[in-house]
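Everything on this sheet refers to the single structure shown next.
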Amino acid sequence: MKRLVATLFILLLASSLVSAETYTLPGETPDKKPYNNIGILGEVMVDLNVTIVNTAPFPKFVIVNPRYDFNVFRLSGDEGMTSFRVNGGSYHVPSRLDRTSLNYYIGFWVMPYETVVVNFRIPYNNSYLLQTADYQSVCGDSAKITNVTYYVVNGSLEYGGHIEVPDDISTLSCGVMYPQLVNTPKIISTRAMFPMNDGHIKVLKYEGTVTFRLTNAPNRAGVFNTFFAASIPVIFKDARMYNFTPNYTMTYREYMDEFVWKYKGLNPPEKSQPQPLPSMSNMFQLSNTLLTGVSVGTPEIEPPGEAGLDFPVWIIFMGSSVEIKYHVEWTAQGR
């Protein structure tokens with residue numbers, strides 16, 4: 001086992017903090033949200049309106065996955081459930097249990113021949129926590145800051161930490177930074193979203209928004225920047241996805257086949273029929289939020305039929321946080 005030398009660094013900032021906190025890298029926030037070894041916390045929020053019809057001459061009870069809040073848009077609008085997270089635990093508050101529970105399952109009734117719209121949500125205060133992948137370097141988690149502590153001394157903020165130092169002098173550098181992907185998308189099909197084991201209950205359409213929030217969790221002092229790539233968090237198979245805000249930097253295929261190699265100044269593996277690559281001129285522009293500039297045409301995913309699924313990728317230079325939003329839409333018409 002290699003001996004590691006601890007180096008303490010302490011800086012001062014004229015500010016104040018309510019309480020002392022320590023962030024290990026990787027680790028989790030005080031409210032139990034996990035982040036990777038460069039501090040990136042990923043959270044996904046979903047807001048979908050789903051139109052459902054019951055073609056039977058009698059009522060049906062639809063069971064809801066309690067990971068989603070829901071609200072039935074009819075009458076007084078008091079049929080539903082909300083949730084929130086406290087210290088890593090989730091709490092649920094269903095309303096009108098006489099209408100929103102059956103056999104101790106949570107859900108809602110659809111009356112005979114009724115068409116109803118139901119809102120399904122994963123809210124920010126009970127977000128889906130996406131485990132981001134660790135950044136990889138030649139030296140691993142050595143030669144980097146592995147924890148940051150914030151505390152108050154005489155009314156001013158101090159922050160210190162720990163740097164892991166390998167007991168090896170043969171390596172002067174641990175490589176050069178490039179924006180590595182911290183996540184891969186979760187693919188959801190309409191059949192998986194609505195596994196209706198009933199021929200009378202039909203999903204006619206759904207539409208809504210997905211929000212992907214990336215946060216530099218340990219950066220309470222605002223001095224630690226991060227540089228990485230992130231992909232779309234959820235792909236709705238068979239659905240239309242559009243209105244990406246901000247627009248994505250490139251597709252995954254462009255990232256893997258072109259960008260990474262050119263950014264590193266290396267030649268990609270030879271292909272049987274090599275294709276000319278676009279010029280690096282104005283390929284991206286550095287900002288406090290995103291690295292953008294690659295022309296990708298209309299911001300809408302059309303997965304290639306032969307070459308496999310492709311999806312958006314953002315190149316991100318981030319201090320505190322970045323929020324990515326996109327719209328999703330699906331209809332059963334013609335299917």
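Residues in the structure tokens are numbered from 1 in each chain, the chains being A, B, ... in the order shown, and ligands are numbered from 1 in the order shown.
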Exercise for the section: For Val328 (chain A), list every protein, DNA or RNA residue within 8 Å, evaluated using only C-alpha atoms, and leave out those in the same chain fewer than 5 positions away; present the list as a PyMOL selection string. Expected result: chain A and resi 207-210+236+239-242
Practice task
From a DSSP pass on the backbone, collect the residues of region 64-310 of chain A flagged as helix (DSSP H, G or I) and hand them back as number ranges by chain.
Solution key: A: 97-100, 124-126, 190-193, 252-264
Problem - Contacts of His200 (chain A) within 12 Å, only C-alpha atoms, excl. fewer than 4 positions in-chain, as number ranges by chain - result: A: 52-62, 110-115, 196
Practice task
Might you pull out every residue within 10 Å of Arg99 (chain A), with only C-alpha atoms counted and same-chain residues fewer than 2 positions away left off, and present them as a VMD selection string?
Solution key: chain A and resid 61 78 to 80 94 to 97 101 to 102 106 to 109
Problem - Atom pair CA of Val203 (chain A) / CA of Val44 (chain A): separation (Å) - result: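 About the pair CA of Val203 (chain A) and CA of Val44 (chain A): they are 23.6 Å apart.
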